[in-house]
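Let me begin by presenting the structure, written as structure tokens, before commenting on it.
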Amino acid sequence: MIDIRNVSKWYGAFQVLTDCTTSIAKGEVVVVCGPSGSGKSTLIKTVNALEPVQQGEIIVDGVTITDPKTNLPKLRSRVGMVFQHFELFPHLSVTENLTLAQIKVLGRGADEAKERGLKMLDRVGLSAHKDKFPGQLSGGQQQRVAIARALSMDPVVMLFDEPTSALDPEMVGEVLDVMVQLAQDGMTMMCVTHEMGFARKVSHRVIFMDGGRIVEDCAKEEFFGHPDRRAPRTQEFLSKIL
Ligand code: ADP
Ligand code: MG
């Protein structure tokens with residue numbers, strides 16, 4: 001579903017990604033972790049072409065996004081992305097937040113968009129809040145709306161960039177529960193997170209990044225079961241967060 005091949009990227013003279021290669025199969029859940037500044041956000045943003053790369057190739061669901069001829073808005077509509085900050089439109093109701101991109105980007109009619117959006121809102125357990133504005137919801141609820149909004153676009157993959165790290169601790173669980181459900185329903189997911197409980201529970205693979213490189217890319221069982229076989233940087237990182 002996602003193929004990242006020998007990707008390198010620079011910000012000016014600074015090389016932020018060095019020869020990153022990995023792939024994610026349909027239905028696979030991959031957790032990306034690593035120290036701050038290691039390039040996790042940059043890597044995940046390259047997957048829906050929010051960040052261009054200078055070298056290498058990225059293919060999502062058969063579409064080569066690094067090909068200049070690719071229709072990026074169309075591709076992006078099929079790649080759901082949830083960020084650390086919820087980025088809902090504050091002046092629009094929850095329902096309007098859920099339907100806007102479906103109407104503008106996918107060209108759906110208002111009724112169809114509403115039906116789809118409310119179905120996804122139900123999936124994240126927030127049907128009762130459909131007429132509220134983001135400011136009337138808690139951080140955890142806003143993040144769940146952001147997930148429902150992404151799902152309303154019928155994405156083939158979902159990307160998460162530290163979706164719980166800006167939340168108060170008591171709200172982390174409700175967002176992770178939605179992500180666990182999504183993973184168990186078979187969604188292809190690439191998640192930057194340090195929630196190792198989530199990684200242990202539902203991920204298939206764990207990628208560890210350091211200094212713009214993929215240092216470790218292995219099955220979850222291998223990653224957590226045999227920390228002694230991991231690279232020294234990974235061991236050091238794991239010893240701090242586990
Ligand atoms: P992470 O998500 O792992 O914390 P990032 O991908 O956000 O790492 O950043 C990786 C490195 O790239 C950091 O050193 C960061 O300062 C740098 N960086 C990120 N965005 C930019 C940018 N727009 N311009 C220049 N440097 C950037
Ligand atoms: Mg980041």
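Quick note on naming: the chains in the structure tokens go A, B, ... in the order shown, residues restart at 1 in each chain, and ligands are numbered from 1 in order of appearance.
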
Collect all residues with atoms no farther than 12 Å from ligand 2, counting only C-alpha atoms and all ligand atoms, and output them as an mmCIF file with N, CA, C and O atoms, in the first residue's frame.
data_model
loop_
_atom_site.group_PDB
_atom_site.id
_atom_site.type_symbol
_atom_site.label_atom_id
_atom_site.label_comp_id
_atom_site.auth_asym_id
_atom_site.auth_seq_id
_atom_site.Cartn_x
_atom_site.Cartn_y
_atom_site.Cartn_z
ATOM 1 N N VAL A 32 5.936 4.294 14.110
ATOM 2 C CA VAL A 32 7.236 4.941 13.904
ATOM 3 C C VAL A 32 7.582 5.685 15.187
ATOM 4 O O VAL A 32 6.800 6.520 15.660
ATOM 5 N N CYS A 33 8.732 5.365 15.767
ATOM 6 C CA CYS A 33 9.157 6.063 16.970
ATOM 7 C C CYS A 33 10.601 6.518 16.812
ATOM 8 O O CYS A 33 11.261 6.201 15.816
ATOM 9 N N GLY A 34 11.071 7.255 17.786
ATOM 10 C CA GLY A 34 12.440 7.768 17.719
ATOM 11 C C GLY A 34 12.512 9.116 18.395
ATOM 12 O O GLY A 34 11.487 9.745 18.649
ATOM 13 N N PRO A 35 13.738 9.573 18.707
ATOM 14 C CA PRO A 35 13.876 10.831 19.437
ATOM 15 C C PRO A 35 13.344 12.027 18.655
ATOM 16 O O PRO A 35 13.184 11.971 17.439
ATOM 17 N N SER A 36 13.077 13.093 19.400
ATOM 18 C CA SER A 36 12.631 14.334 18.795
ATOM 19 C C SER A 36 13.670 14.827 17.780
ATOM 20 O O SER A 36 14.867 14.779 18.048
ATOM 21 N N GLY A 37 13.203 15.251 16.621
ATOM 22 C CA GLY A 37 14.116 15.752 15.595
ATOM 23 C C GLY A 37 14.709 14.683 14.705
ATOM 24 O O GLY A 37 15.545 14.966 13.843
ATOM 25 N N SER A 38 14.266 13.426 14.876
ATOM 26 C CA SER A 38 14.860 12.341 14.085
ATOM 27 C C SER A 38 14.276 12.225 12.682
ATOM 28 O O SER A 38 14.748 11.416 11.887
ATOM 29 N N GLY A 39 13.227 13.011 12.383
ATOM 30 C CA GLY A 39 12.689 13.014 11.026
ATOM 31 C C GLY A 39 11.374 12.266 10.863
ATOM 32 O O GLY A 39 10.910 12.062 9.741
ATOM 33 N N LYS A 40 10.735 11.889 11.983
ATOM 34 C CA LYS A 40 9.489 11.112 11.925
ATOM 35 C C LYS A 40 8.375 11.881 11.214
ATOM 36 O O LYS A 40 7.721 11.360 10.321
ATOM 37 N N SER A 41 8.171 13.137 11.637
ATOM 38 C CA SER A 41 7.096 13.939 11.028
ATOM 39 C C SER A 41 7.386 14.183 9.561
ATOM 40 O O SER A 41 6.491 14.122 8.719
ATOM 41 N N THR A 42 8.641 14.455 9.263
ATOM 42 C CA THR A 42 9.007 14.708 7.864
ATOM 43 C C THR A 42 8.726 13.478 7.022
ATOM 44 O O THR A 42 8.125 13.578 5.950
ATOM 45 N N LEU A 43 9.120 12.306 7.519
ATOM 46 C CA LEU A 43 8.906 11.080 6.748
ATOM 47 C C LEU A 43 7.417 10.849 6.493
ATOM 48 O O LEU A 43 7.002 10.573 5.361
ATOM 49 N N ILE A 44 6.609 11.004 7.538
ATOM 50 C CA ILE A 44 5.183 10.705 7.376
ATOM 51 C C ILE A 44 4.532 11.734 6.442
ATOM 52 O O ILE A 44 3.646 11.402 5.655
ATOM 53 N N LYS A 45 5.016 12.962 6.485
ATOM 54 C CA LYS A 45 4.436 13.985 5.593
ATOM 55 C C LYS A 45 4.815 13.757 4.132
ATOM 56 O O LYS A 45 4.108 14.210 3.239
ATOM 57 N N PHE A 83 -3.016 14.975 12.824
ATOM 58 C CA PHE A 83 -1.827 15.609 13.404
ATOM 59 C C PHE A 83 -1.962 15.704 14.920
ATOM 60 O O PHE A 83 -3.020 15.452 15.491
ATOM 61 N N GLN A 84 -0.892 16.185 15.513
ATOM 62 C CA GLN A 84 -0.864 16.407 16.959
ATOM 63 C C GLN A 84 -1.945 17.420 17.373
ATOM 64 O O GLN A 84 -2.630 17.241 18.359
ATOM 65 N N HIS A 85 -2.037 18.503 16.610
ATOM 66 C CA HIS A 85 -3.060 19.511 16.896
ATOM 67 C C HIS A 85 -4.213 19.284 15.941
ATOM 68 O O HIS A 85 -4.006 18.988 14.770
ATOM 69 N N PHE A 160 -0.885 8.998 11.145
ATOM 70 C CA PHE A 160 -1.057 9.693 12.423
ATOM 71 C C PHE A 160 0.296 10.249 12.857
ATOM 72 O O PHE A 160 1.283 9.512 12.881
ATOM 73 N N ASP A 161 0.325 11.525 13.195
ATOM 74 C CA ASP A 161 1.574 12.102 13.704
ATOM 75 C C ASP A 161 1.371 12.554 15.148
ATOM 76 O O ASP A 161 0.831 13.618 15.403
ATOM 77 N N GLU A 162 1.789 11.730 16.072
ATOM 78 C CA GLU A 162 1.657 11.978 17.515
ATOM 79 C C GLU A 162 0.273 12.512 17.875
ATOM 80 O O GLU A 162 0.146 13.591 18.469
ATOM 81 N N PRO A 163 -0.763 11.731 17.567
ATOM 82 C CA PRO A 163 -2.134 12.229 17.748
ATOM 83 C C PRO A 163 -2.539 12.428 19.203
ATOM 84 O O PRO A 163 -3.519 13.114 19.462
ATOM 85 N N SER A 165 -0.143 13.344 21.722
ATOM 86 C CA SER A 165 0.886 13.965 22.572
ATOM 87 C C SER A 165 0.535 15.383 23.025
ATOM 88 O O SER A 165 1.171 15.892 23.937
ATOM 89 N N ALA A 166 -0.497 15.993 22.428
ATOM 90 C CA ALA A 166 -0.900 17.325 22.905
ATOM 91 C C ALA A 166 -2.088 17.235 23.865
ATOM 92 O O ALA A 166 -2.613 18.259 24.301
ATOM 93 N N CYS A 191 1.726 5.187 12.063
ATOM 94 C CA CYS A 191 1.490 6.022 13.245
ATOM 95 C C CYS A 191 2.798 6.422 13.897
ATOM 96 O O CYS A 191 3.521 5.567 14.410
ATOM 97 N N VAL A 192 3.066 7.717 13.909
ATOM 98 C CA VAL A 192 4.160 8.213 14.735
ATOM 99 C C VAL A 192 3.598 8.362 16.134
ATOM 100 O O VAL A 192 2.660 9.133 16.358
ATOM 101 N N THR A 193 4.113 7.580 17.057
ATOM 102 C CA THR A 193 3.628 7.674 18.431
ATOM 103 C C THR A 193 4.651 7.065 19.378
ATOM 104 O O THR A 193 5.428 6.195 18.992
ATOM 105 N N HIS A 194 4.612 7.554 20.602
ATOM 106 C CA HIS A 194 5.441 6.947 21.641
ATOM 107 C C HIS A 194 4.596 6.149 22.614
ATOM 108 O O HIS A 194 5.064 5.764 23.686
ATOM 109 N N MET A 209 13.533 5.542 14.194
ATOM 110 C CA MET A 209 14.342 6.493 13.415
ATOM 111 C C MET A 209 15.301 7.240 14.314
ATOM 112 O O MET A 209 14.990 7.548 15.463
ATOM 113 N N GLY A 212 17.460 11.035 11.017
ATOM 114 C CA GLY A 212 16.987 11.013 9.629
ATOM 115 C C GLY A 212 17.104 9.666 8.942
ATOM 116 O O GLY A 212 16.802 9.542 7.754
#

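Using only C-alpha atoms for every distance, the candidate list A:Val215, A:Met81, A:Met179, A:Leu167 yields A:Val215 as the residue closest to Arg233 of chain A.
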
(request) May I ask which of the residues A:Asn71, A:Asn6, A:Ser93, A:Gln15 is the closest one to ligand 1, counting only C-alpha atoms and all ligand atoms? (result) A:Gln15

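Neighbours of Gln143 of chain A closer than or equal to 7 Å, with only C-alpha atoms counted and sequence neighbours fewer than 3 positions away skipped, come out as Phe86, Gly139, Gly140, Ala146, Ile147 and Val175 of chain A.
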
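Excluding Ala101 of chain A itself and same-chain residues fewer than 4 positions from it, the residues having an atom within 12 Å of it are Pro73, Lys74, Arg76, Ser77, Arg78, Gly80, Leu88, Phe89, Thr95, Glu96, Asn97, Val105, Leu106, Gly107, Arg108, Gly109, Ala110, Ala113, Lys114, Arg116, Gly117, Arg149, Ala150, Leu151, Ser152, Met153 and Asp154 of chain A, counting only C-alpha atoms.
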
(message) What's around Lys26 of chain A at 8 Å? Count only C-alpha atoms, leave out sequence neighbours fewer than 2 positions away in its own chain, and write the answer as a ChimeraX atom specification.
(response) /A:1,24,28,187-188

Would you output that residue set with N, CA and C atoms, as a compact mmCIF listing (two decimals), in the first residue's frame?
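So result_6.txt came out as:
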# COMPACT_ATOMS: atom_id res chain seq x y z
N MET A 1 0.83 -1.22 0.00
CA MET A 1 0.00 0.00 0.00
C MET A 1 0.86 1.27 0.00
N ILE A 24 4.71 -0.69 3.56
CA ILE A 24 3.61 -1.04 4.45
C ILE A 24 2.53 -1.73 3.63
N GLU A 28 -1.76 -3.39 7.25
CA GLU A 28 -0.67 -3.42 8.23
C GLU A 28 -0.69 -2.14 9.08
N MET A 187 -7.69 -1.29 8.90
CA MET A 187 -7.15 -0.10 8.22
C MET A 187 -5.62 -0.17 8.14
N THR A 188 -5.09 0.25 7.01
CA THR A 188 -3.64 0.39 6.87
C THR A 188 -3.23 1.67 7.59

(request) Can you check which residues of segment 125-213 of chain A DSSP gives as alpha helix (DSSP H) on the backbone and send them as a ChimeraX atom specification? (result) /A:139-151,169-184,196-202

(request) Could you jot down the atom CA of Asp177 of chain A to atom CA of Arg205 of chain A separation for me, Å, one decimal place? (result)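 Between these atoms lies a distance of 18.8 Å.
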
(message) Using only C-alpha atoms and all ligand atoms, can you tell me which of A:Asp3, A:Glu51, A:Glu195, A:Asp61 comes closest to ligand 1?
(response)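 Of the candidates, the smallest distance to ligand 1 is held by A:Glu51.
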
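For the residues A:Lys201, A:His91, A:Arg229, A:Lys9, ranking by smallest atom-to-atom distance to ligand 1 using only C-alpha atoms and all ligand atoms places A:Lys9 first.
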
(request) Find the spatial neighbours of Ile207 of chain A, counting only C-alpha atoms, within a cut-off of 7 Å - ignore same-chain residues fewer than 6 positions away - and output them as number ranges by chain. (result) A: 31-33, 214, 216-218

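With distances taken over only C-alpha atoms and all ligand atoms, A:Leu17 is the one residue among A:Val7, A:Ile59, A:Leu17, A:Ala128 lying closest to ligand 1.
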
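These are the residues of segment 157-231 of chain A assigned strand (DSSP E) by DSSP from backbone coordinates: Val157, Met158, Leu159, Phe160, Asp161, Thr188, Met189, Met190, Cys191, Val192, Arg205, Val206, Ile207, Phe208, Met209, Asp210, Arg213, Ile214, Val215, Glu216, Asp217, Cys218 and Ala219 of chain A.
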